[in-house]
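*Asks:* Below you'll find model_17.csv; it's CSV, C-alpha atoms.
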```csv
chain,number,residue,atom,x,y,z
A,1,MET,CA,156.6,-176.5,-37.2
A,2,ASN,CA,155.8,-174.5,-40.3
A,3,PRO,CA,153.7,-171.4,-39.3
A,4,THR,CA,152.3,-171.0,-42.8
A,5,LYS,CA,151.1,-174.6,-42.9
A,6,THR,CA,149.6,-174.3,-39.4
A,7,ARG,CA,147.6,-171.2,-40.4
A,8,SER,CA,146.5,-172.9,-43.6
A,9,SER,CA,145.3,-176.0,-41.7
A,10,LEU,CA,143.5,-173.8,-39.2
A,11,GLY,CA,141.8,-171.9,-42.0
A,12,ILE,CA,140.7,-175.1,-43.6
A,13,TRP,CA,139.4,-176.4,-40.3
A,14,THR,CA,137.5,-173.2,-39.7
A,15,LYS,CA,135.8,-173.3,-43.1
A,16,ARG,CA,134.8,-176.9,-42.6
A,17,PHE,CA,133.4,-176.1,-39.1
A,18,VAL,CA,131.4,-173.2,-40.4
A,19,ALA,CA,130.1,-175.5,-43.2
A,20,SER,CA,129.0,-178.0,-40.5
A,21,LEU,CA,127.1,-175.3,-38.7
A,22,PHE,CA,125.2,-174.5,-42.0
A,23,LEU,CA,124.6,-178.2,-42.5
A,24,GLY,CA,123.2,-178.5,-39.1
A,25,GLY,CA,120.7,-175.7,-39.8
A,26,GLN,CA,119.8,-177.3,-43.1
A,27,VAL,CA,119.1,-180.6,-41.5
A,28,LEU,CA,116.9,-179.0,-38.9
A,29,LEU,CA,114.9,-177.2,-41.6
A,30,HIS,CA,114.5,-180.3,-43.7
A,31,VAL,CA,113.4,-182.4,-40.6
A,32,LEU,CA,110.8,-179.8,-39.8
A,33,GLN,CA,109.6,-180.0,-43.4
A,34,GLY,CA,109.2,-183.8,-43.0
A,35,LYS,CA,112.0,-184.8,-45.4
A,36,ILE,CA,112.9,-188.0,-43.7
A,37,HIS,CA,114.1,-191.2,-45.4
A,38,ARG,CA,112.6,-193.7,-43.1
A,39,ARG,CA,114.4,-196.9,-44.3
A,40,ASN,CA,117.8,-195.3,-44.2
A,41,THR,CA,117.0,-193.9,-40.7
A,42,LEU,CA,116.1,-197.3,-39.4
A,43,GLU,CA,119.3,-198.8,-40.8
A,44,GLN,CA,121.4,-196.1,-39.2
A,45,MET,CA,119.6,-196.5,-35.9
A,46,ALA,CA,120.6,-200.2,-35.9
A,47,ILE,CA,124.3,-199.1,-36.5
A,48,VAL,CA,124.3,-196.4,-33.8
A,49,GLY,CA,122.3,-198.3,-31.2
A,50,PRO,CA,122.5,-202.1,-31.0
A,51,GLU,CA,125.9,-202.3,-32.6
A,52,SER,CA,127.3,-199.9,-30.1
A,53,LEU,CA,125.5,-201.3,-27.1
A,54,PHE,CA,128.2,-203.8,-25.9
A,55,ILE,CA,131.1,-201.4,-25.7
A,56,ALA,CA,128.9,-198.8,-24.1
A,57,LEU,CA,127.7,-201.1,-21.4
A,58,LEU,CA,131.1,-202.5,-20.7
A,59,THR,CA,132.5,-198.9,-20.3
A,60,ALA,CA,129.6,-197.9,-18.1
A,61,SER,CA,129.9,-200.9,-15.8
A,62,PHE,CA,133.6,-200.3,-15.1
A,63,VAL,CA,133.1,-196.5,-14.7
A,64,GLY,CA,130.5,-197.2,-12.0
A,65,MET,CA,132.8,-199.7,-10.3
A,66,VAL,CA,135.8,-197.5,-10.4
A,67,PHE,CA,133.9,-194.5,-9.1
A,68,THR,CA,132.6,-196.5,-6.2
A,69,ILE,CA,136.1,-197.7,-5.4
A,70,GLN,CA,137.4,-194.1,-5.4
A,71,VAL,CA,134.7,-192.6,-3.1
A,72,ALA,CA,133.3,-195.4,-0.9
A,73,GLN,CA,136.2,-195.8,1.4
A,74,GLU,CA,136.5,-192.0,1.9
A,75,PHE,CA,132.8,-191.6,2.6
A,76,ILE,CA,132.8,-194.5,5.0
A,77,ALA,CA,135.7,-192.9,6.9
A,78,LEU,CA,133.7,-189.7,7.2
A,79,GLY,CA,130.6,-191.6,8.4
A,80,ALA,CA,128.7,-190.9,5.2
A,81,GLY,CA,128.7,-194.4,3.7
A,82,HIS,CA,124.9,-194.1,3.2
A,83,LEU,CA,125.5,-191.4,0.6
A,84,VAL,CA,127.7,-193.5,-1.8
A,85,GLY,CA,124.8,-194.6,-4.0
A,86,GLY,CA,123.3,-191.2,-4.3
A,87,VAL,CA,126.6,-189.5,-5.1
A,88,LEU,CA,127.3,-192.1,-7.8
A,89,ALA,CA,123.8,-191.6,-9.2
A,90,LEU,CA,124.3,-187.8,-9.4
A,91,SER,CA,127.7,-188.1,-11.0
A,92,LEU,CA,126.6,-190.7,-13.6
A,93,SER,CA,123.3,-189.0,-14.5
A,94,ARG,CA,124.5,-185.4,-14.6
A,95,GLU,CA,127.9,-185.9,-16.2
A,96,LEU,CA,129.7,-189.2,-16.6
A,97,THR,CA,127.1,-191.3,-18.5
A,98,PRO,CA,126.0,-188.8,-21.2
A,99,VAL,CA,129.6,-187.6,-21.8
A,100,LEU,CA,131.3,-191.0,-21.9
A,101,THR,CA,128.6,-192.6,-23.9
A,102,SER,CA,128.9,-189.7,-26.4
A,103,VAL,CA,132.6,-190.1,-26.5
A,104,ILE,CA,132.2,-193.8,-27.4
A,105,ILE,CA,129.7,-193.0,-30.1
A,106,ALA,CA,132.0,-190.2,-31.4
A,107,GLY,CA,134.9,-192.6,-31.7
A,108,ARG,CA,132.9,-195.4,-33.3
A,109,VAL,CA,130.1,-193.7,-35.3
A,110,CYS,CA,131.5,-190.3,-36.2
A,111,SER,CA,134.6,-191.8,-37.7
A,112,ALA,CA,132.4,-194.2,-39.7
A,113,PHE,CA,130.2,-191.4,-41.0
A,114,ALA,CA,133.2,-189.3,-42.1
A,115,ALA,CA,134.9,-192.2,-43.8
A,116,GLU,CA,131.8,-193.5,-45.5
A,117,LEU,CA,130.7,-190.1,-46.9
A,118,GLY,CA,134.2,-189.0,-47.5
A,119,THR,CA,134.8,-192.1,-49.7
A,120,MET,CA,131.5,-191.4,-51.5
A,121,GLN,CA,132.6,-187.8,-52.1
A,122,VAL,CA,136.1,-188.6,-53.5
A,123,THR,CA,134.7,-191.3,-55.8
A,124,GLU,CA,132.0,-188.9,-57.1
A,125,GLN,CA,129.1,-190.9,-55.7
A,126,ILE,CA,127.7,-187.7,-54.2
A,127,ASP,CA,127.7,-186.1,-57.6
A,128,ALA,CA,125.8,-189.1,-58.9
A,129,LEU,CA,123.1,-188.5,-56.3
A,130,TYR,CA,122.7,-184.9,-57.5
A,131,MET,CA,122.4,-186.1,-61.1
A,132,MET,CA,119.6,-188.5,-60.0
A,133,LYS,CA,118.0,-185.4,-58.4
A,134,THR,CA,118.5,-186.9,-54.9
A,135,ASP,CA,119.5,-184.5,-52.2
A,136,PRO,CA,122.4,-186.0,-50.2
A,137,VAL,CA,121.3,-184.1,-47.1
A,138,ASP,CA,117.9,-185.9,-47.2
A,139,TYR,CA,119.2,-189.3,-48.3
A,140,LEU,CA,122.5,-189.5,-46.3
A,141,VAL,CA,122.8,-186.8,-43.6
A,142,ILE,CA,119.4,-186.7,-42.0
A,143,PRO,CA,119.1,-190.4,-41.3
A,144,ARG,CA,122.4,-190.4,-39.6
A,145,VAL,CA,121.6,-187.3,-37.5
A,146,LEU,CA,118.3,-188.7,-36.4
A,147,ALA,CA,119.8,-192.0,-35.6
A,148,CYS,CA,122.4,-190.5,-33.3
A,149,SER,CA,119.8,-188.1,-31.7
A,150,LEU,CA,117.4,-190.9,-31.0
A,151,MET,CA,119.6,-193.7,-30.0
A,152,LEU,CA,122.1,-191.9,-27.9
A,153,PRO,CA,119.6,-190.9,-25.2
A,154,LEU,CA,118.4,-194.5,-25.1
A,155,LEU,CA,122.0,-195.8,-24.7
A,156,THR,CA,122.6,-193.2,-22.0
A,157,ILE,CA,119.7,-194.5,-19.9
A,158,ILE,CA,120.8,-198.1,-20.3
A,159,CYS,CA,124.4,-197.2,-19.5
A,160,LEU,CA,123.2,-195.2,-16.4
A,161,ILE,CA,121.5,-198.3,-15.1
A,162,THR,CA,124.5,-200.4,-15.9
A,163,GLY,CA,126.8,-198.0,-14.1
A,164,LEU,CA,124.7,-198.0,-11.0
A,165,ALA,CA,124.6,-201.8,-11.0
A,166,GLY,CA,128.4,-201.9,-11.2
A,167,GLY,CA,128.6,-199.5,-8.3
A,168,LEU,CA,126.1,-201.5,-6.3
A,169,LEU,CA,128.1,-204.7,-6.9
A,170,ILE,CA,131.3,-203.1,-5.6
A,171,ALA,CA,129.6,-201.3,-2.7
A,172,THR,CA,127.9,-204.4,-1.4
A,173,ASN,CA,130.7,-206.9,-1.9
A,174,PHE,CA,133.8,-204.9,-1.1
A,175,TYR,CA,132.6,-202.2,1.4
A,176,ASN,CA,129.7,-204.1,3.0
A,177,ILE,CA,127.2,-201.3,2.3
A,178,PRO,CA,123.7,-202.8,2.4
A,179,SER,CA,122.0,-202.8,-1.0
A,180,VAL,CA,118.8,-201.3,0.5
A,181,LEU,CA,120.9,-198.4,1.9
A,182,PHE,CA,122.6,-197.9,-1.5
A,183,LEU,CA,119.3,-197.9,-3.4
A,184,ASP,CA,117.6,-195.6,-0.9
A,185,SER,CA,120.4,-193.1,-1.3
A,186,ILE,CA,119.9,-193.1,-5.1
A,187,ARG,CA,116.2,-192.5,-4.6
A,188,ASP,CA,116.7,-189.7,-2.1
A,189,LEU,CA,119.4,-187.8,-4.0
A,190,MET,CA,118.7,-188.3,-7.7
A,191,GLY,CA,115.7,-186.5,-9.0
A,192,LEU,CA,113.7,-186.5,-12.3
A,193,TRP,CA,115.6,-183.4,-13.5
A,194,ASP,CA,118.9,-185.3,-13.3
A,195,LEU,CA,117.5,-187.8,-15.8
A,196,ILE,CA,116.0,-185.2,-18.0
A,197,SER,CA,119.3,-183.3,-18.1
A,198,ALA,CA,121.1,-186.4,-19.2
A,199,GLU,CA,118.6,-186.9,-22.0
A,200,ILE,CA,118.9,-183.3,-23.1
A,201,LYS,CA,122.7,-183.5,-23.2
A,202,SER,CA,122.5,-186.8,-25.1
A,203,VAL,CA,120.2,-185.4,-27.8
A,204,VAL,CA,122.5,-182.4,-28.3
A,205,PHE,CA,125.6,-184.5,-28.3
A,206,GLY,CA,124.1,-186.9,-30.8
A,207,TRP,CA,123.1,-184.1,-33.1
A,208,ALA,CA,126.6,-182.6,-33.0
A,209,ILE,CA,128.4,-185.9,-33.5
A,210,ALA,CA,126.4,-186.8,-36.6
A,211,VAL,CA,126.5,-183.3,-38.1
A,212,ILE,CA,130.2,-183.0,-37.7
A,213,GLY,CA,130.9,-186.5,-39.0
A,214,THR,CA,128.7,-186.1,-42.1
A,215,SER,CA,129.9,-182.6,-42.8
A,216,TRP,CA,133.5,-183.6,-42.7
A,217,GLY,CA,132.7,-186.5,-45.0
A,218,LEU,CA,130.9,-184.3,-47.5
A,219,THR,CA,133.8,-181.8,-47.6
A,220,THR,CA,136.5,-184.4,-48.1
A,221,THR,CA,139.1,-183.8,-50.9
A,222,GLY,CA,142.3,-185.5,-51.9
A,223,GLY,CA,141.5,-189.1,-52.4
A,224,ALA,CA,142.3,-191.8,-49.9
A,225,LYS,CA,144.6,-189.6,-47.9
A,226,GLY,CA,141.9,-187.0,-47.6
A,227,VAL,CA,139.5,-189.6,-46.3
A,228,GLY,CA,141.9,-190.5,-43.6
A,229,GLN,CA,142.5,-186.9,-42.6
A,230,SER,CA,138.7,-186.2,-42.6
A,231,THR,CA,138.0,-189.2,-40.4
A,232,THR,CA,140.7,-188.2,-37.8
A,233,THR,CA,139.7,-184.5,-37.8
A,234,ALA,CA,136.0,-185.3,-37.5
A,235,VAL,CA,136.5,-187.4,-34.4
A,236,VAL,CA,138.7,-184.8,-32.8
A,237,THR,CA,136.3,-182.0,-33.6
A,238,SER,CA,133.3,-184.0,-32.3
A,239,LEU,CA,135.1,-184.7,-29.0
A,240,LEU,CA,135.9,-181.0,-28.7
A,241,ALA,CA,132.3,-180.1,-29.4
A,242,ILE,CA,131.1,-182.6,-26.8
A,243,PHE,CA,133.2,-181.1,-24.0
A,244,ILE,CA,132.4,-177.5,-24.9
A,245,LEU,CA,128.7,-178.2,-25.3
A,246,ASP,CA,128.8,-180.1,-22.0
A,247,PHE,CA,130.1,-177.0,-20.2
A,248,PHE,CA,127.4,-174.7,-21.6
A,249,LEU,CA,124.6,-177.2,-21.1
A,250,SER,CA,125.7,-177.9,-17.5
A,251,TRP,CA,125.7,-174.1,-16.9
A,252,LEU,CA,122.2,-173.7,-18.4
A,253,LEU,CA,120.6,-176.8,-16.9
A,254,PHE,CA,122.0,-176.6,-13.3
A,255,LYS,CA,123.3,-173.1,-12.8
A,256,VAL,CA,120.9,-170.9,-14.7
A,257,ALA,CA,117.8,-173.1,-14.3
A,258,PHE,CA,118.1,-173.1,-10.5
A,259,SER,CA,119.4,-169.6,-9.9
A,260,PRO,CA,117.2,-167.5,-7.7
A,261,VAL,CA,115.4,-164.8,-9.6
```
Could I get this file's structure written as C-alpha cells?
*Replies:*
Amino acid sequence: MNPTKTRSSLGIWTKRFVASLFLGGQVLLHVLQGKIHRRNTLEQMAIVGPESLFIALLTASFVGMVFTIQVAQEFIALGAGHLVGGVLALSLSRELTPVLTSVIIAGRVCSAFAAELGTMQVTEQIDALYMMKTDPVDYLVIPRVLACSLMLPLLTIICLITGLAGGLLIATNFYNIPSVLFLDSIRDLMGLWDLISAEIKSVVFGWAIAVIGTSWGLTTTGGAKGVGQSTTTAVVTSLLAIFILDFFLSWLLFKVAFSPV
C-alpha cells in the first residue's frame, strides 16, 4: 500500500465530508426560507418511498422472524416466554428497524443520488443550471433531502409492523406462544417514546443519507471513473454516518433523556 496515495485519498475524503456538512447547513437554511421545489420533491418521494417498500418489508419480516427464533427458545427455557413479543418490539423499535431500513435506503437511494448528480456534474449539466440562474441546491438537493427525511420515518413504521408480524408468525406456529400473550407483551413493554425515538432516528438518518449522496455527486470529478468512485464512497460514508449517529442518538434519547437529575 502506498502511504502517499492513502494520505491523498484521506485528504480528499475529508474535504468532501466537510463540503457535505456545509451543504447540509445550506439545505437547512434554504428549507427554512421556503425554497422548496414541490414537483421535484414529490417525484423523489416516490423513488425513496414506494419503490423501496418491497425490499424494506422483505428485510423487516425476516429480521423479525430470525430474532424470534434466536430468543424465543431461550426465553421459554427461562420461563419468560411471555416476554418474547415485548423484547422483539423494543429491539425493533429502538434499534433494528430504523437502522436496517436506513441501511437499505443508503444502499439503494444514496448510490442513485451520487451517480445521478455525479453524471450531471461531469457532463457539465450542473454548470448549465447555474447559467440558467437555477440553484442546484434548490432544484436538485433539497427535493432529495426532504424525500428521504419524510419517507424514511414512514417506511420505518411500516417495517416495524411487518417485523412484529413476522415475529408473531414464528412465535405462534413454532413455539406455541399464544398470539394474545405475544401482543399483550408488546403493549406492556413498548411505550410511545420507543416509537418517537425510532422516528427521530429515521429523520436524522434520512437527512444524512441524502446530504452525503448529493454532496458526493456534486463534487465528482474525473469522468465515468469518478462517478463510480463517488457512488461507492458515498454509500460507505453514509453507512458509517448511520452507525455513528445511531450511537449518539441512542445515548441522547435513552441514556441522557432518562438519567436522574
*Asks:* Please identify every residue of stretch 128-203 of chain A that has at least one atom no farther than 8 Å from an atom of stretch 95-104 of chain A, counting only C-alpha atoms, and for each give the shortest atom pair and the distance in Å to one decimal, arranged by chain then increasing number, as CSV.
*Replies:*
```
residue,atom,partner,partner_atom,distance
A:Leu152,CA,A:Ser102,CA,7.3
A:Pro153,CA,A:Pro98,CA,7.8
A:Leu155,CA,A:Thr101,CA,7.4
A:Thr156,CA,A:Pro98,CA,5.6
A:Cys159,CA,A:Thr97,CA,6.6
A:Leu160,CA,A:Thr97,CA,5.9
A:Ala198,CA,A:Pro98,CA,5.8
A:Glu199,CA,A:Pro98,CA,7.7
A:Lys201,CA,A:Pro98,CA,6.6
A:Ser202,CA,A:Pro98,CA,5.6
```
*Asks:* Go ahead and write the residues just picked, C-alpha atoms, as an mmCIF file, keeping the file's coordinate frame.
*Replies:*
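The result, stored in selection_22.cif:
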```cif
data_model
loop_
_atom_site.group_PDB
_atom_site.id
_atom_site.type_symbol
_atom_site.label_atom_id
_atom_site.label_comp_id
_atom_site.auth_asym_id
_atom_site.auth_seq_id
_atom_site.Cartn_x
_atom_site.Cartn_y
_atom_site.Cartn_z
ATOM 1 C CA LEU A 152 122.100 -191.900 -27.900
ATOM 2 C CA PRO A 153 119.600 -190.900 -25.200
ATOM 3 C CA LEU A 155 122.000 -195.800 -24.700
ATOM 4 C CA THR A 156 122.600 -193.200 -22.000
ATOM 5 C CA CYS A 159 124.400 -197.200 -19.500
ATOM 6 C CA LEU A 160 123.200 -195.200 -16.400
ATOM 7 C CA ALA A 198 121.100 -186.400 -19.200
ATOM 8 C CA GLU A 199 118.600 -186.900 -22.000
ATOM 9 C CA LYS A 201 122.700 -183.500 -23.200
ATOM 10 C CA SER A 202 122.500 -186.800 -25.100
#
```
*Asks:* Work out how far atom CA of A:Ala106 is from atom CA of A:Leu239, in Å to one decimal.
*Replies:*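 So the two atoms, atom CA of A:Leu239 and atom CA of A:Ala106, lie 6.8 Å apart.
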*Asks:* I'd like the neighbourhood of A:Leu42 as a ChimeraX atom specification, where a residue qualifies if any of its atoms comes within 10 Å (using only C-alpha atoms), though same-chain residues fewer than 3 positions away should be ignored.
*Replies:* /A:37-39,45-48,143-144,146-147
*Asks:* Figure out the distance between atom CA of A:Ala171 and atom CA of A:Leu183, please, to one decimal in Å.
*Replies:*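 Distance between the two atoms: 10.9 Å.
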*Asks:* Compile the contact shell of stretch 56-63 of chain A as an NGL selection string: residues with an atom at most 6 Å away, counting only C-alpha atoms, same-chain residues fewer than 6 positions apart removed.
*Replies:* :A and (159 or 162-163 or 166)
*Asks:* Taking into account only C-alpha atoms, which residue in the set A:Leu78, A:Val66, A:Ile242, A:Ala19 is nearest to A:Ser215?
*Replies:*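 Smallest separation from A:Ser215 among the options: A:Ala19.
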*Asks:* For A:Thr233, which residue among A:Ser52, A:Ile12, A:Leu181, A:Thr41 is the nearest when counting only C-alpha atoms?
*Replies:* A:Ile12
*Asks:* What does the distance between atom CA of A:Val87 and atom CA of A:Ser179 come to in Å, to one decimal place?
*Replies:* 14.7 Å
*Asks:* Between A:Leu92, A:Val18, A:Leu29, A:Val235, which is the closest to A:Cys110 once you count all atoms listed in the file?
*Replies:*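 Distance minimum relative to A:Cys110 lands on A:Val235.
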*Asks:* Nearest residue to A:Ala210 out of A:Ser238, A:Thr68, A:Ser230, A:Ser185, using only C-alpha atoms?
*Replies:*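 Using only C-alpha atoms, A:Ala210 sits closest to A:Ser238.
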*Asks:* Can you complete the atoms of stretch 181-217 of chain A to N, CA and C atoms and list them as an mmCIF file, in the frame of the given file?
*Replies:*
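Result saved to selection.cif:
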```
data_model
loop_
_atom_site.group_PDB
_atom_site.id
_atom_site.type_symbol
_atom_site.label_atom_id
_atom_site.label_comp_id
_atom_site.auth_asym_id
_atom_site.auth_seq_id
_atom_site.Cartn_x
_atom_site.Cartn_y
_atom_site.Cartn_z
ATOM 1 N N LEU A 181 120.347 -199.724 1.555
ATOM 2 C CA LEU A 181 120.900 -198.400 1.900
ATOM 3 C C LEU A 181 121.388 -197.713 0.613
ATOM 4 N N PHE A 182 122.051 -198.470 -0.232
ATOM 5 C CA PHE A 182 122.600 -197.900 -1.500
ATOM 6 C C PHE A 182 121.456 -197.448 -2.384
ATOM 7 N N LEU A 183 120.417 -198.254 -2.545
ATOM 8 C CA LEU A 183 119.300 -197.900 -3.400
ATOM 9 C C LEU A 183 118.471 -196.752 -2.843
ATOM 10 N N ASP A 184 118.304 -196.737 -1.529
ATOM 11 C CA ASP A 184 117.600 -195.600 -0.900
ATOM 12 C C ASP A 184 118.303 -194.308 -1.108
ATOM 13 N N SER A 185 119.631 -194.353 -1.067
ATOM 14 C CA SER A 185 120.400 -193.100 -1.300
ATOM 15 C C SER A 185 120.217 -192.620 -2.709
ATOM 16 N N ILE A 186 120.163 -193.533 -3.672
ATOM 17 C CA ILE A 186 119.900 -193.100 -5.100
ATOM 18 C C ILE A 186 118.544 -192.458 -5.165
ATOM 19 N N ARG A 187 117.537 -193.065 -4.562
ATOM 20 C CA ARG A 187 116.200 -192.500 -4.600
ATOM 21 C C ARG A 187 116.089 -191.163 -3.956
ATOM 22 N N ASP A 188 116.824 -190.969 -2.858
ATOM 23 C CA ASP A 188 116.700 -189.700 -2.100
ATOM 24 C C ASP A 188 117.456 -188.557 -2.809
ATOM 25 N N LEU A 189 118.595 -188.841 -3.445
ATOM 26 C CA LEU A 189 119.400 -187.800 -4.000
ATOM 27 C C LEU A 189 119.184 -187.499 -5.474
ATOM 28 N N MET A 190 118.865 -188.510 -6.253
ATOM 29 C CA MET A 190 118.700 -188.300 -7.700
ATOM 30 C C MET A 190 117.246 -188.000 -8.012
ATOM 31 N N GLY A 191 117.029 -186.873 -8.674
ATOM 32 C CA GLY A 191 115.700 -186.500 -9.000
ATOM 33 C C GLY A 191 115.380 -186.641 -10.501
ATOM 34 N N LEU A 192 114.151 -186.347 -10.868
ATOM 35 C CA LEU A 192 113.700 -186.500 -12.300
ATOM 36 C C LEU A 192 114.510 -185.538 -13.170
ATOM 37 N N TRP A 193 114.829 -184.349 -12.671
ATOM 38 C CA TRP A 193 115.600 -183.400 -13.500
ATOM 39 C C TRP A 193 116.941 -183.909 -13.884
ATOM 40 N N ASP A 194 117.557 -184.708 -13.018
ATOM 41 C CA ASP A 194 118.900 -185.300 -13.300
ATOM 42 C C ASP A 194 118.763 -186.192 -14.559
ATOM 43 N N LEU A 195 117.707 -186.977 -14.638
ATOM 44 C CA LEU A 195 117.500 -187.800 -15.800
ATOM 45 C C LEU A 195 117.166 -187.030 -17.040
ATOM 46 N N ILE A 196 116.328 -186.007 -16.858
ATOM 47 C CA ILE A 196 116.000 -185.200 -18.000
ATOM 48 C C ILE A 196 117.188 -184.453 -18.551
ATOM 49 N N SER A 197 118.045 -183.956 -17.668
ATOM 50 C CA SER A 197 119.300 -183.300 -18.100
ATOM 51 C C SER A 197 120.174 -184.190 -18.882
ATOM 52 N N ALA A 198 120.274 -185.441 -18.441
ATOM 53 C CA ALA A 198 121.100 -186.400 -19.200
ATOM 54 C C ALA A 198 120.566 -186.653 -20.559
ATOM 55 N N GLU A 199 119.234 -186.717 -20.686
ATOM 56 C CA GLU A 199 118.600 -186.900 -22.000
ATOM 57 C C GLU A 199 118.811 -185.714 -22.907
ATOM 58 N N ILE A 200 118.673 -184.515 -22.339
ATOM 59 C CA ILE A 200 118.900 -183.300 -23.100
ATOM 60 C C ILE A 200 120.308 -183.250 -23.663
ATOM 61 N N LYS A 201 121.259 -183.522 -22.789
ATOM 62 C CA LYS A 201 122.700 -183.500 -23.200
ATOM 63 C C LYS A 201 122.885 -184.567 -24.318
ATOM 64 N N SER A 202 122.292 -185.740 -24.161
ATOM 65 C CA SER A 202 122.500 -186.800 -25.100
ATOM 66 C C SER A 202 121.968 -186.445 -26.507
ATOM 67 N N VAL A 203 120.801 -185.817 -26.541
ATOM 68 C CA VAL A 203 120.200 -185.400 -27.800
ATOM 69 C C VAL A 203 121.143 -184.390 -28.514
ATOM 70 N N VAL A 204 121.606 -183.395 -27.760
ATOM 71 C CA VAL A 204 122.500 -182.400 -28.300
ATOM 72 C C VAL A 204 123.805 -182.970 -28.783
ATOM 73 N N PHE A 205 124.384 -183.828 -27.952
ATOM 74 C CA PHE A 205 125.600 -184.500 -28.300
ATOM 75 C C PHE A 205 125.475 -185.334 -29.571
ATOM 76 N N GLY A 206 124.386 -186.088 -29.626
ATOM 77 C CA GLY A 206 124.100 -186.900 -30.800
ATOM 78 C C GLY A 206 124.009 -186.128 -32.064
ATOM 79 N N TRP A 207 123.290 -185.022 -31.981
ATOM 80 C CA TRP A 207 123.100 -184.100 -33.100
ATOM 81 C C TRP A 207 124.496 -183.612 -33.589
ATOM 82 N N ALA A 208 125.311 -183.152 -32.638
ATOM 83 C CA ALA A 208 126.600 -182.600 -33.000
ATOM 84 C C ALA A 208 127.536 -183.644 -33.582
ATOM 85 N N ILE A 209 127.558 -184.836 -33.014
ATOM 86 C CA ILE A 209 128.400 -185.900 -33.500
ATOM 87 C C ILE A 209 128.078 -186.237 -34.968
ATOM 88 N N ALA A 210 126.798 -186.410 -35.250
ATOM 89 C CA ALA A 210 126.400 -186.800 -36.600
ATOM 90 C C ALA A 210 126.608 -185.679 -37.603
ATOM 91 N N VAL A 211 126.297 -184.451 -37.224
ATOM 92 C CA VAL A 211 126.500 -183.300 -38.100
ATOM 93 C C VAL A 211 127.950 -183.144 -38.478
ATOM 94 N N ILE A 212 128.807 -183.211 -37.477
ATOM 95 C CA ILE A 212 130.200 -183.000 -37.700
ATOM 96 C C ILE A 212 130.780 -184.181 -38.587
ATOM 97 N N GLY A 213 130.411 -185.409 -38.268
ATOM 98 C CA GLY A 213 130.900 -186.500 -39.000
ATOM 99 C C GLY A 213 130.473 -186.485 -40.497
ATOM 100 N N THR A 214 129.195 -186.197 -40.736
ATOM 101 C CA THR A 214 128.700 -186.100 -42.100
ATOM 102 C C THR A 214 129.243 -184.921 -42.852
ATOM 103 N N SER A 215 129.360 -183.793 -42.158
ATOM 104 C CA SER A 215 129.900 -182.600 -42.800
ATOM 105 C C SER A 215 131.318 -182.771 -43.232
ATOM 106 N N TRP A 216 132.130 -183.339 -42.354
ATOM 107 C CA TRP A 216 133.500 -183.600 -42.700
ATOM 108 C C TRP A 216 133.630 -184.582 -43.859
ATOM 109 N N GLY A 217 132.724 -185.545 -43.907
ATOM 110 C CA GLY A 217 132.700 -186.500 -45.000
ATOM 111 C C GLY A 217 132.376 -185.814 -46.327
#
```
